[in-house]
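Text of coords-v2.cif, listed as mmCIF, C-alpha atoms and all ligand atoms:
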```
data_upload
#
loop_
_atom_site.label_atom_id
_atom_site.label_comp_id
_atom_site.auth_asym_id
_atom_site.auth_seq_id
_atom_site.Cartn_x
_atom_site.Cartn_y
_atom_site.Cartn_z
CA MET A 1 -2.46 -14.02 -30.93
CA ARG A 2 -1.03 -12.95 -27.57
CA HIS A 3 1.21 -15.45 -25.84
CA TYR A 4 1.09 -16.04 -22.09
CA HIS A 5 4.00 -17.49 -20.10
CA TYR A 6 4.04 -18.57 -16.48
CA GLY A 7 6.47 -15.84 -15.43
CA ARG A 8 8.22 -12.79 -16.79
CA GLN A 9 10.24 -9.90 -15.39
CA LEU A 10 8.84 -6.37 -15.33
CA VAL A 11 11.64 -3.87 -15.94
CA ASP A 12 10.74 -0.18 -16.28
CA GLY A 13 12.49 3.10 -17.16
CA ASP A 14 13.53 3.75 -13.53
CA ASP A 15 15.29 0.39 -13.41
CA ILE A 16 17.13 1.15 -16.64
CA GLN A 17 18.14 4.59 -15.43
CA GLN A 18 19.52 3.22 -12.16
CA VAL A 19 21.56 0.58 -14.01
CA ALA A 20 22.91 3.33 -16.30
CA GLU A 21 23.93 5.34 -13.19
CA SER A 22 25.83 2.36 -11.81
CA LEU A 23 27.71 2.02 -15.10
CA ALA A 24 28.79 5.66 -14.99
CA SER A 25 29.92 5.42 -11.35
CA ASP A 26 33.38 4.70 -9.92
CA PHE A 27 32.51 1.13 -8.96
CA LEU A 28 31.41 -1.75 -11.13
CA SER A 29 31.66 -4.28 -8.29
CA GLN A 30 31.48 -4.17 -4.46
CA GLY A 31 30.38 -0.52 -4.33
CA PRO A 32 27.59 1.61 -2.88
CA PHE A 33 24.71 -0.10 -4.71
CA LEU A 34 25.67 -3.41 -3.07
CA GLU A 35 25.73 -1.81 0.37
CA ALA A 36 22.45 0.05 -0.14
CA PHE A 37 20.72 -3.05 -1.50
CA GLU A 38 21.85 -5.25 1.37
CA GLU A 39 20.84 -2.66 3.95
CA ALA A 40 17.41 -2.12 2.40
CA VAL A 41 16.60 -5.85 2.28
CA ALA A 42 17.84 -6.47 5.85
CA ARG A 43 15.66 -3.61 7.11
CA TYR A 44 12.59 -4.79 5.17
CA CYS A 45 12.92 -8.38 6.44
CA GLY A 46 13.78 -7.34 9.98
CA ALA A 47 16.97 -9.42 9.96
CA ARG A 48 20.31 -8.24 11.32
CA HIS A 49 22.36 -9.03 8.21
CA CYS A 50 21.89 -9.40 4.47
CA LEU A 51 24.49 -10.61 2.02
CA ALA A 52 23.90 -10.25 -1.74
CA VAL A 53 25.52 -12.88 -3.96
CA CYS A 54 25.57 -13.89 -7.63
CA ASN A 55 22.56 -16.25 -7.50
CA GLY A 56 20.25 -18.18 -5.17
CA THR A 57 22.18 -21.42 -5.64
CA ALA A 58 25.41 -19.80 -4.43
CA ALA A 59 23.42 -18.35 -1.52
CA LEU A 60 22.22 -21.86 -0.51
CA HIS A 61 25.75 -23.21 -0.87
CA LEU A 62 27.23 -20.51 1.39
CA ALA A 63 24.44 -20.97 3.95
CA CYS A 64 25.05 -24.73 4.15
CA LEU A 65 28.83 -24.33 4.32
CA GLY A 66 28.50 -21.59 6.92
CA LEU A 67 26.48 -23.97 9.10
CA GLY A 68 29.26 -26.51 8.90
CA LEU A 69 27.67 -28.96 6.47
CA GLY A 70 30.38 -31.24 5.11
CA PRO A 71 31.39 -34.78 4.18
CA GLY A 72 29.73 -37.38 6.38
CA ASP A 73 26.75 -35.09 7.06
CA ALA A 74 23.26 -35.11 5.61
CA GLY A 75 21.09 -32.19 4.53
CA TRP A 76 17.37 -32.71 3.95
CA THR A 77 15.07 -30.72 1.71
CA SER A 78 11.79 -31.08 -0.16
CA PRO A 79 11.67 -33.38 -3.20
CA LEU A 80 9.31 -30.84 -4.79
CA SER A 81 11.80 -28.10 -5.53
CA PHE A 82 14.28 -26.89 -8.06
CA VAL A 83 17.36 -29.13 -8.15
CA ALA A 84 19.46 -26.34 -6.58
CA SER A 85 17.90 -27.01 -3.13
CA ALA A 86 19.50 -30.46 -2.99
CA ASN A 87 22.56 -29.63 -5.09
CA ALA A 88 23.68 -27.12 -2.44
CA VAL A 89 23.97 -30.07 -0.03
CA ARG A 90 26.02 -32.10 -2.51
CA TYR A 91 28.33 -29.14 -3.21
CA CYS A 92 29.33 -29.34 0.47
CA GLY A 93 30.24 -33.01 0.07
CA ALA A 94 27.21 -34.01 2.18
CA ARG A 95 24.44 -36.45 1.36
CA PRO A 96 21.07 -35.03 0.31
CA GLY A 97 17.86 -36.45 1.75
CA PHE A 98 14.20 -35.58 1.30
CA VAL A 99 11.00 -35.25 3.31
CA ASP A 100 7.80 -35.53 1.28
CA VAL A 101 5.32 -32.68 0.91
CA ASP A 102 1.87 -32.11 2.30
CA PRO A 103 -0.40 -32.67 -0.74
CA GLN A 104 -2.53 -29.62 0.14
CA THR A 105 0.18 -26.95 0.46
CA MET A 106 2.98 -28.74 -1.47
CA ASN A 107 5.37 -27.72 1.30
CA MET A 108 7.50 -30.06 3.43
CA ASP A 109 5.09 -31.90 5.75
CA PRO A 110 6.15 -31.31 9.39
CA ASP A 111 4.51 -34.59 10.51
CA LEU A 112 6.61 -36.54 8.02
CA LEU A 113 9.64 -34.52 9.08
CA GLU A 114 9.02 -35.48 12.69
CA ARG A 115 8.81 -39.17 11.82
CA ALA A 116 11.94 -38.98 9.66
CA LEU A 117 13.88 -37.24 12.44
CA GLU A 118 12.73 -39.81 15.00
CA ARG A 119 13.91 -42.62 12.75
CA ALA A 120 17.19 -40.87 11.94
CA GLN A 121 17.90 -40.39 15.63
CA GLN A 122 17.42 -44.10 16.30
CA GLU A 123 19.81 -44.85 13.45
CA GLY A 124 22.33 -42.21 14.54
CA ALA A 125 21.87 -40.46 11.21
CA LEU A 126 20.33 -37.09 12.00
CA PRO A 127 20.88 -34.42 9.33
CA ARG A 128 23.00 -31.42 10.20
CA VAL A 129 20.79 -29.07 8.19
CA ILE A 130 17.23 -29.04 6.86
CA LEU A 131 16.19 -26.79 3.99
CA PRO A 132 12.41 -26.32 3.90
CA VAL A 133 11.30 -24.75 0.61
CA HIS A 134 8.56 -22.10 0.58
CA PHE A 135 7.00 -23.57 -2.52
CA ALA A 136 5.35 -21.16 -4.96
CA GLY A 137 5.89 -18.36 -2.42
CA LEU A 138 3.97 -19.89 0.52
CA SER A 139 5.89 -20.17 3.77
CA CYS A 140 6.30 -23.61 5.31
CA ARG A 141 5.03 -24.15 8.86
CA MET A 142 8.22 -22.71 10.26
CA ARG A 143 7.23 -22.60 13.93
CA ARG A 144 6.70 -26.35 13.99
CA ILE A 145 9.82 -26.98 11.89
CA ARG A 146 11.87 -24.82 14.26
CA GLU A 147 10.55 -26.73 17.29
CA LEU A 148 11.54 -30.04 15.71
CA ALA A 149 14.93 -28.68 14.64
CA ASP A 150 15.64 -27.44 18.17
CA HIS A 151 14.56 -30.75 19.67
CA TYR A 152 16.90 -32.74 17.41
CA GLY A 153 19.73 -30.19 17.26
CA VAL A 154 19.39 -29.51 13.54
CA ARG A 155 20.10 -26.19 11.78
CA VAL A 156 17.51 -24.63 9.47
CA VAL A 157 18.04 -22.90 6.11
CA GLU A 158 14.84 -21.52 4.59
CA ASP A 159 14.94 -21.93 0.83
CA ALA A 160 12.81 -18.83 0.34
CA CYS A 161 13.83 -18.41 -3.31
CA HIS A 162 10.13 -18.14 -4.26
CA ALA A 163 9.09 -16.09 -1.26
CA LEU A 164 10.58 -12.58 -1.20
CA GLY A 165 7.65 -10.39 -0.15
CA ALA A 166 5.77 -13.23 1.59
CA ARG A 167 4.84 -13.10 5.28
CA TYR A 168 4.62 -15.68 8.04
CA ARG A 169 2.90 -15.07 11.38
CA GLY A 170 2.77 -11.36 10.72
CA GLU A 171 6.44 -10.95 9.80
CA PRO A 172 8.26 -10.87 6.48
CA VAL A 173 9.78 -14.15 5.36
CA GLY A 174 13.51 -13.52 5.77
CA SER A 175 13.25 -12.29 9.36
CA CYS A 176 14.94 -15.60 10.34
CA ARG A 177 12.84 -15.78 13.50
CA TRP A 178 12.38 -19.51 12.86
CA SER A 179 15.61 -20.33 11.05
CA ASP A 180 19.37 -19.81 11.05
CA VAL A 181 19.42 -18.46 7.52
CA ALA A 182 16.94 -17.56 4.78
CA VAL A 183 17.82 -17.40 1.10
CA PHE A 184 16.11 -15.58 -1.80
CA SER A 185 16.68 -15.80 -5.55
CA LEU A 186 16.62 -12.76 -7.85
CA HIS A 187 16.31 -14.76 -11.07
CA PRO A 188 14.13 -12.95 -13.69
CA VAL A 189 10.87 -14.75 -12.88
CA LYS A 190 11.08 -14.24 -9.10
CA SER A 191 9.31 -11.51 -7.04
CA ILE A 192 11.96 -9.00 -8.18
CA THR A 193 15.07 -9.48 -10.27
CA SER A 194 18.67 -8.38 -10.61
CA GLY A 195 19.11 -10.47 -13.78
CA GLU A 196 20.79 -13.18 -11.73
CA GLY A 197 21.27 -12.78 -8.01
CA GLY A 198 20.69 -14.14 -4.53
CA LEU A 199 20.23 -12.79 -1.01
CA ILE A 200 21.16 -14.39 2.30
CA LEU A 201 19.52 -13.18 5.53
CA THR A 202 20.64 -14.08 9.03
CA ASN A 203 20.64 -12.76 12.58
CA ASP A 204 23.86 -14.61 13.43
CA THR A 205 26.79 -12.18 13.13
CA ARG A 206 29.52 -14.84 13.11
CA LEU A 207 27.76 -16.84 10.46
CA TYR A 208 27.29 -13.66 8.39
CA GLU A 209 30.98 -12.84 8.60
CA ALA A 210 31.98 -16.39 7.63
CA MET A 211 29.66 -16.32 4.62
CA ARG A 212 30.88 -12.86 3.58
CA THR A 213 34.48 -14.09 3.62
CA MET A 214 33.54 -17.17 1.55
CA ARG A 215 31.71 -14.96 -0.97
CA GLY A 216 35.02 -13.22 -1.78
CA HIS A 217 37.51 -16.11 -2.28
CA GLY A 218 37.96 -16.65 1.48
CA LEU A 219 40.15 -13.55 1.61
CA ALA A 220 40.50 -11.23 4.60
CA LYS A 221 42.20 -7.87 4.28
CA GLY A 222 43.98 -5.24 6.38
CA ALA A 223 42.82 -4.73 9.96
CA ALA A 224 40.51 -7.76 9.70
CA LEU A 225 43.72 -9.87 9.85
CA GLY A 226 44.85 -8.26 13.09
CA PRO A 227 45.96 -4.91 14.44
CA GLY A 228 48.77 -3.30 12.49
CA THR A 229 48.11 -5.23 9.27
CA PRO A 230 48.55 -2.77 6.38
CA PRO A 231 45.41 -2.12 4.31
CA TYR A 232 46.89 -3.54 1.08
CA HIS A 233 47.61 -6.96 2.60
CA ALA A 234 45.06 -9.71 1.81
CA GLU A 235 45.27 -13.36 2.78
CA MET A 236 43.11 -16.37 2.14
CA VAL A 237 41.95 -17.45 5.59
CA ALA A 238 39.04 -19.75 4.74
CA GLU A 239 37.56 -21.76 1.89
CA GLY A 240 36.12 -19.35 -0.62
CA PHE A 241 34.55 -18.73 -4.00
CA ASN A 242 33.85 -15.83 -6.30
CA TYR A 243 30.15 -15.52 -5.49
CA LYS A 244 30.07 -11.72 -5.75
CA ILE A 245 27.31 -9.78 -7.46
CA CYS A 246 28.22 -6.69 -9.51
CA GLU A 247 26.99 -3.12 -9.15
CA MET A 248 24.79 -3.20 -12.27
CA GLN A 249 22.91 -6.11 -10.78
CA CYS A 250 22.58 -4.41 -7.39
CA ALA A 251 21.40 -1.20 -9.05
CA LEU A 252 18.68 -3.17 -10.83
CA GLY A 253 17.88 -5.15 -7.68
CA LEU A 254 17.60 -2.03 -5.55
CA SER A 255 15.37 -0.27 -8.05
CA GLN A 256 13.17 -3.37 -8.36
CA PHE A 257 13.11 -3.71 -4.58
CA SER A 258 11.35 -0.34 -4.26
CA LYS A 259 8.45 -1.96 -6.18
CA LEU A 260 8.42 -5.30 -4.35
CA ASP A 261 5.24 -4.75 -2.32
CA ARG A 262 3.42 -3.38 -5.37
CA TYR A 263 4.46 -6.37 -7.49
CA VAL A 264 3.43 -8.85 -4.81
CA ALA A 265 0.08 -7.06 -4.37
CA ARG A 266 -0.48 -7.34 -8.12
CA ARG A 267 0.35 -11.04 -8.02
CA ARG A 268 -2.06 -11.48 -5.09
CA ALA A 269 -4.87 -9.73 -6.98
CA LEU A 270 -4.28 -11.87 -10.07
CA ALA A 271 -4.13 -15.03 -7.96
CA GLY A 272 -7.38 -14.00 -6.26
CA ARG A 273 -9.06 -13.73 -9.65
CA TYR A 274 -7.76 -17.16 -10.70
CA ARG A 275 -9.10 -18.62 -7.49
CA GLU A 276 -12.52 -17.00 -7.97
CA ARG A 277 -12.74 -18.22 -11.54
CA LEU A 278 -11.36 -21.73 -11.03
CA ALA A 279 -12.53 -22.60 -7.52
CA LEU A 280 -15.80 -24.03 -8.75
CA ALA A 281 -14.40 -25.84 -11.78
CA ASP A 282 -15.09 -29.52 -11.55
CA GLY A 283 -12.03 -31.65 -10.79
CA LEU A 284 -9.52 -28.80 -10.69
CA ALA A 285 -7.61 -28.42 -7.42
CA LEU A 286 -5.51 -25.40 -6.42
CA GLN A 287 -2.72 -25.10 -3.90
CA GLU A 288 -4.06 -24.68 -0.36
CA THR A 289 -2.46 -21.39 0.56
CA GLY A 290 -2.85 -21.15 4.29
CA ASP A 291 -5.95 -19.01 4.32
CA GLN A 292 -5.91 -19.84 8.03
CA GLY A 293 -3.97 -16.62 8.36
CA PHE A 294 -0.55 -17.98 9.32
CA ALA A 295 0.98 -17.29 5.93
CA GLU A 296 0.61 -14.78 3.11
CA SER A 297 2.10 -16.11 -0.09
CA ALA A 298 4.34 -14.03 -2.38
CA TRP A 299 2.44 -15.76 -5.21
CA HIS A 300 5.48 -16.76 -7.20
CA LEU A 301 3.49 -19.52 -8.91
CA LEU A 302 -0.19 -20.27 -9.38
CA LEU A 303 -0.45 -24.05 -9.08
CA ALA A 304 -3.38 -25.88 -10.62
CA LEU A 305 -4.05 -29.63 -10.61
CA PRO A 306 -6.71 -30.57 -13.14
CA ASP A 307 -8.08 -34.09 -13.03
CA LEU A 308 -7.31 -34.96 -16.63
CA ASP A 309 -7.83 -38.72 -16.28
CA ALA A 310 -11.51 -38.17 -15.58
CA ARG A 311 -11.73 -36.28 -18.87
CA GLY A 312 -9.74 -38.83 -20.85
CA LEU A 313 -6.99 -36.28 -21.51
CA THR A 314 -3.27 -36.78 -21.14
CA LYS A 315 -1.18 -34.07 -19.52
CA ALA A 316 0.77 -33.60 -22.73
CA ALA A 317 -2.43 -33.28 -24.78
CA PHE A 318 -3.87 -30.68 -22.40
CA HIS A 319 -0.60 -28.74 -22.52
CA GLU A 320 -0.57 -28.85 -26.31
CA ARG A 321 -4.20 -27.79 -26.56
CA LEU A 322 -3.50 -24.65 -24.53
CA ALA A 323 -0.17 -23.91 -26.23
CA ALA A 324 -2.02 -23.84 -29.55
CA ARG A 325 -4.15 -21.06 -27.99
CA GLY A 326 -1.05 -19.07 -26.87
CA ILE A 327 -1.11 -20.26 -23.25
CA HIS A 328 2.19 -21.83 -22.36
CA LEU A 329 1.87 -23.72 -19.10
CA MET A 330 4.91 -24.81 -17.14
CA VAL A 331 5.41 -27.53 -14.55
CA HIS A 332 7.34 -26.95 -11.31
CA TYR A 333 9.00 -29.35 -10.72
CA TYR A 334 10.06 -32.82 -11.78
CA PRO A 335 10.73 -34.15 -8.24
CA ILE A 336 14.43 -33.94 -7.47
CA HIS A 337 14.81 -37.59 -6.44
CA LEU A 338 13.64 -38.71 -9.90
CA HIS A 339 16.32 -36.82 -11.84
CA THR A 340 18.85 -39.10 -13.55
CA LEU A 341 21.73 -37.95 -11.38
CA TYR A 342 19.74 -38.49 -8.17
CA ARG A 343 18.60 -41.96 -9.30
CA GLY A 344 22.32 -42.67 -9.61
CA LEU A 345 22.65 -41.75 -5.93
CA GLY A 346 20.12 -44.41 -4.93
CA PHE A 347 16.87 -42.43 -5.07
CA GLY A 348 13.98 -43.50 -7.27
CA PRO A 349 10.25 -43.74 -7.98
CA GLY A 350 7.90 -44.48 -5.08
CA MET A 351 10.08 -42.86 -2.41
CA TYR A 352 8.14 -39.58 -2.10
CA PRO A 353 4.65 -40.36 -3.42
CA HIS A 354 3.06 -36.95 -2.74
CA ALA A 355 5.67 -35.11 -4.80
CA GLU A 356 5.37 -37.72 -7.54
CA ALA A 357 1.55 -37.54 -7.62
CA TYR A 358 1.82 -33.77 -7.81
CA TYR A 359 4.03 -33.93 -10.88
CA GLU A 360 1.54 -36.23 -12.63
CA ARG A 361 -1.17 -33.57 -12.48
CA ALA A 362 0.19 -30.10 -11.84
CA PHE A 363 0.67 -27.04 -14.01
CA SER A 364 1.84 -23.51 -13.20
CA LEU A 365 -0.49 -20.94 -14.78
CA PRO A 366 0.63 -17.52 -16.10
CA LEU A 367 1.22 -15.22 -13.14
CA HIS A 368 3.45 -12.14 -13.13
CA PRO A 369 3.04 -8.42 -12.48
CA GLY A 370 2.87 -7.58 -16.20
CA LEU A 371 -0.58 -9.23 -16.41
CA GLU A 372 -3.99 -7.67 -15.82
CA LEU A 373 -7.23 -9.14 -14.51
CA LYS A 374 -8.59 -9.38 -18.05
CA ASP A 375 -5.58 -11.54 -18.98
CA VAL A 376 -6.44 -13.89 -16.13
CA ASP A 377 -10.04 -14.00 -17.33
CA HIS A 378 -8.84 -14.90 -20.81
CA VAL A 379 -6.50 -17.63 -19.53
CA CYS A 380 -9.29 -19.04 -17.32
CA ASP A 381 -11.73 -19.08 -20.24
CA GLU A 382 -9.22 -21.03 -22.30
CA ILE A 383 -8.43 -23.47 -19.49
CA LEU A 384 -12.09 -24.14 -18.79
CA ALA A 385 -12.74 -24.62 -22.52
CA ALA A 386 -9.76 -26.98 -22.84
CA LEU A 387 -11.10 -29.03 -19.93
CA ASP A 388 -14.59 -29.21 -21.36
C1 LIG B 1 13.28 -23.23 -4.81
C2 LIG B 1 14.52 -22.73 -5.48
N1 LIG B 1 15.68 -22.85 -4.84
C3 LIG B 1 16.82 -22.39 -5.39
C4 LIG B 1 16.84 -21.77 -6.62
C5 LIG B 1 18.14 -21.29 -7.20
O1 LIG B 1 18.12 -19.92 -7.44
P1 LIG B 1 19.01 -19.29 -8.61
O2 LIG B 1 18.35 -19.63 -9.91
O3 LIG B 1 18.98 -17.82 -8.32
O4 LIG B 1 20.37 -19.88 -8.49
C6 LIG B 1 15.65 -21.62 -7.31
C7 LIG B 1 15.65 -20.96 -8.63
O5 LIG B 1 14.87 -21.09 -9.47
C8 LIG B 1 14.45 -22.12 -6.74
O6 LIG B 1 13.29 -22.02 -7.39
#
```
Represent the structure contained in this file as C-alpha cells.
Amino acid sequence: MRHYHYGRQLVDGDDIQQVAESLASDFLSQGPFLEAFEEAVARYCGARHCLAVCNGTAALHLACLGLGLGPGDAGWTSPLSFVASANAVRYCGARPGFVDVDPQTMNMDPDLLERALERAQQEGALPRVILPVHFAGLSCRMRRIRELADHYGVRVVEDACHALGARYRGEPVGSCRWSDVAVFSLHPVKSITSGEGGLILTNDTRLYEAMRTMRGHGLAKGAALGPGTPPYHAEMVAEGFNYKICEMQCALGLSQFSKLDRYVARRRALAGRYRERLALADGLALQETGDQGFAESAWHLLLALPDLDARGLTKAAFHERLAARGIHLMVHYYPIHLHTLYRGLGFGPGMYPHAEAYYERAFSLPLHPGLELKDVDHVCDEILAALD
C-alpha cells in the first residue's frame, strides 16, 4: 500500500550535484552560494535586500529585533499559525498578542485587526509590530493591513513562511510593498528547501544592515568600523546571534530555487484537482483562496474542513480510518494561544473562536510536488468513501 503524507521535499540529482560542488569548494560557510542565493531571491521578489539565515524562526526573530521590538512592547500575530510566529515576539522580551482569523481564508481578519487597534489605542497599548501570517500560502489582505499599520504607526512583518512563490496584487510575496519585512522558511515541506533555512526580504537598507550584523554575532569588521580599521579587526557592536546558514544549505536552496515556479505550478494543479473533486462533496468546506484575483496562493497546504458531526464521526476516528488506508492527514495548527506555555501567559479557550473552531474540524490533505493528479484522485476517493 502506498502511503501519502501532507508534505514532502522533492530533491533531484541536480540538487545533489550542487551540494557536492559546495562541499568541494573553498568555502563551507559565508561563501559564493550564500551571495548568489540571496541575490537570486531578492531579484525574484523585487525587494532591495535578501538575507539568508539558518531557519524561518531566526528570520522572524531578527526581523522583530531589527524593528526595535523589546521589553514593554507588544507584537501581534495570528493564533492560527506555527508557534514560531508568536515565539519570535517573546524572544525579544515583548508580549505576544493575537488577532483572530477570517473563517473563510483562515488569515488574520483585517476588520478584527482594526477593532483591536482602535481599542489598544484607547488603552495606550498599541503593538509595535504585527506579524500577519500567509496561512497555507495565501497572502493576507496586505493593502488593508498596511493602511491600518500606517494609521496607527505600527510596523509590519509578513510571516510568509508558507508563501514563497505566492503573489499578491500582481507581485511576488516578498516584494515588501506592503510591509517592512517579509520572512520565508526553507524547512523541507515548504515551497523549496535548504534542509533548514530562512530568508528575510526588505527594502530598508538600514534595517537590512542591522539584521545582517545580528546574524553574525553582532560583529563588524575592518572598514565597516571606520576608516583605517585594519581588515583583521572585528568588534561586537550590537546584540547578535549565530544565525548563519552554511554553503551546503545555500547550494541546495539555490538549486531548488531554480525550480520554485515549476513546483508551485504543480501544487496549483494538484490543488485545482482537489477542488474539482471535493467542491461538491456534502458538508466539506475548503479554504477560500481569494479567487477574486487579489492573491495567488503558493499552495503550501490544502485545507479541508469536513462536517464530521453530521456524520456521527469523531475527528480522531476519521483520521484513523484514512490512516488505515495509507492516507496520513495532518492538522495545522493547534491555535497558539491554547498551547500549555501560552495558557501560562494568560491566554486560553474562547479568546479566538474562529481559530478554535477551525482546529475542531480541519485537516491538511497530501499536497507536494512529488504527487500526480492520479494520486489526488486516489486520495479524494478514499476521503469521500471515509465520509460516506
Ligand atoms: C507560519 C510559520 N512561521 C514560522 C515558521 C518557522 O520556520 P522554521 O521552521 O524554518 O524555523 C514556520 C515553520 O514551519 C511556519 O509554518
Give the padded box for ligand LIG 1 (chain B) as JSON: axis-aligned, covering all atoms listed in the file, 4 Å on each side, centre and edge lengths in Å to one decimal.
```
{"center_x": 16.8, "center_y": -20.5, "center_z": -7.4, "size_x": 15.1, "size_y": 13.4, "size_z": 13.1}
```
Test item: residues at most 8 Å from A:Met211, only C-alpha atoms, excluding those fewer than 5 positions along its chain, as a compact mmCIF listing (two decimals) with C-alpha atoms, keeping the file's coordinate frame:
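Listing of out-v5.txt after writing:
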```
# COMPACT_ATOMS: atom_id res chain seq x y z
CA LEU A 62 27.23 -20.51 1.39
CA ALA A 63 24.44 -20.97 3.95
CA GLY A 66 28.50 -21.59 6.92
```
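Shortest separation to A:Glu296 among A:Tyr358, A:Tyr208, A:Tyr342, A:Tyr168 occurs at residue A:Tyr168, atoms counted being only C-alpha atoms.
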Kindly provide the residues of stretch 309-338 of chain A that approach stretch 74-95 of chain A to within 12 Å, each paired with its closest atom pair and their distance in Å to one decimal, based on all atoms listed in the file, listed by chain and increasing number, as a tab-separated table.
```
residue	atom	partner	partner_atom	distance
A:Val331	CA	A:Phe82	CA	11.0
A:His332	CA	A:Ser81	CA	7.4
A:Tyr333	CA	A:Ser81	CA	6.0
A:Tyr334	CA	A:Leu80	CA	7.3
A:Pro335	CA	A:Leu80	CA	5.0
A:Ile336	CA	A:Pro79	CA	5.1
A:His337	CA	A:Pro79	CA	6.2
A:Leu338	CA	A:Pro79	CA	8.8
```
Export of the given selection (C-alpha atoms) as a compact mmCIF listing (two decimals), keeping the file's coordinate frame:
```txt
# COMPACT_ATOMS: atom_id res chain seq x y z
CA VAL A 331 5.41 -27.53 -14.55
CA HIS A 332 7.34 -26.95 -11.31
CA TYR A 333 9.00 -29.35 -10.72
CA TYR A 334 10.06 -32.82 -11.78
CA PRO A 335 10.73 -34.15 -8.24
CA ILE A 336 14.43 -33.94 -7.47
CA HIS A 337 14.81 -37.59 -6.44
CA LEU A 338 13.64 -38.71 -9.90
```
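Each of A:Leu201, A:Ala386, A:Ala210, A:Ala281 was compared to A:Glu39 using all atoms listed in the file, and A:Leu201 turns out to be the nearest.
Take atom CA of A:Arg262 and atom CA of A:Arg48: the distance between them is 24.2 Å.
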Quiz item: Which residue out of A:Leu252, A:Ala149, A:Val154, A:Leu60 has the minimum interatomic distance to ligand LIG 1 (chain B) when only C-alpha atoms and all ligand atoms are used?
Solution: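 Once distances to ligand LIG 1 (chain B) are computed over only C-alpha atoms and all ligand atoms, the minimum belongs to A:Leu60.
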Practice problem: Using all atoms listed in the file, find each residue with an atom at most 6 Å away from ligand LIG 1 (chain B) and format the answer as a ChimeraX atom specification. | Solution: /A:55-57,81-82,84-85,133,159,161-162,185-187,197-198
Quiz prompt | Closest of A:Val189, A:Ala136, A:Leu384, A:Ala163 to A:Gln9 - atom-to-atom distances counting only C-alpha atoms | solution =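 Of all the options, A:Val189 lies closest to A:Gln9.
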Practice problem: Pick out the residues sitting within 12 Å of stretch 240-246 of chain A, and hand them over as a ChimeraX atom specification; count only C-alpha atoms, and ignore anything fewer than 6 positions along from it in its own chain. | Solution: /A:19,22-23,27-35,37-38,51-62,65-66,186,194-200,210-220,252-253
Exercise. Kindly provide, as JSON, numbers by chain, the polymer residues lying within 9 Å of (12.4, -8.3, 6.7), counting only C-alpha atoms and using the coordinates exactly as they appear in the file.
Key: {"A": [41, 42, 43, 44, 45, 46, 47, 165, 171, 172, 173, 174, 175, 176, 201]}
Exercise. Determine, counting all atoms listed in the file, which protein, DNA and RNA residues have an atom within 8 Å of an atom of A:Pro306; residues of the same chain fewer than 3 positions away are not included. Present the result as a list in words.
Key: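 Surrounding residues, per the criterion: Gly283, Leu284, Ala285, Arg361 and Ala362 of chain A.
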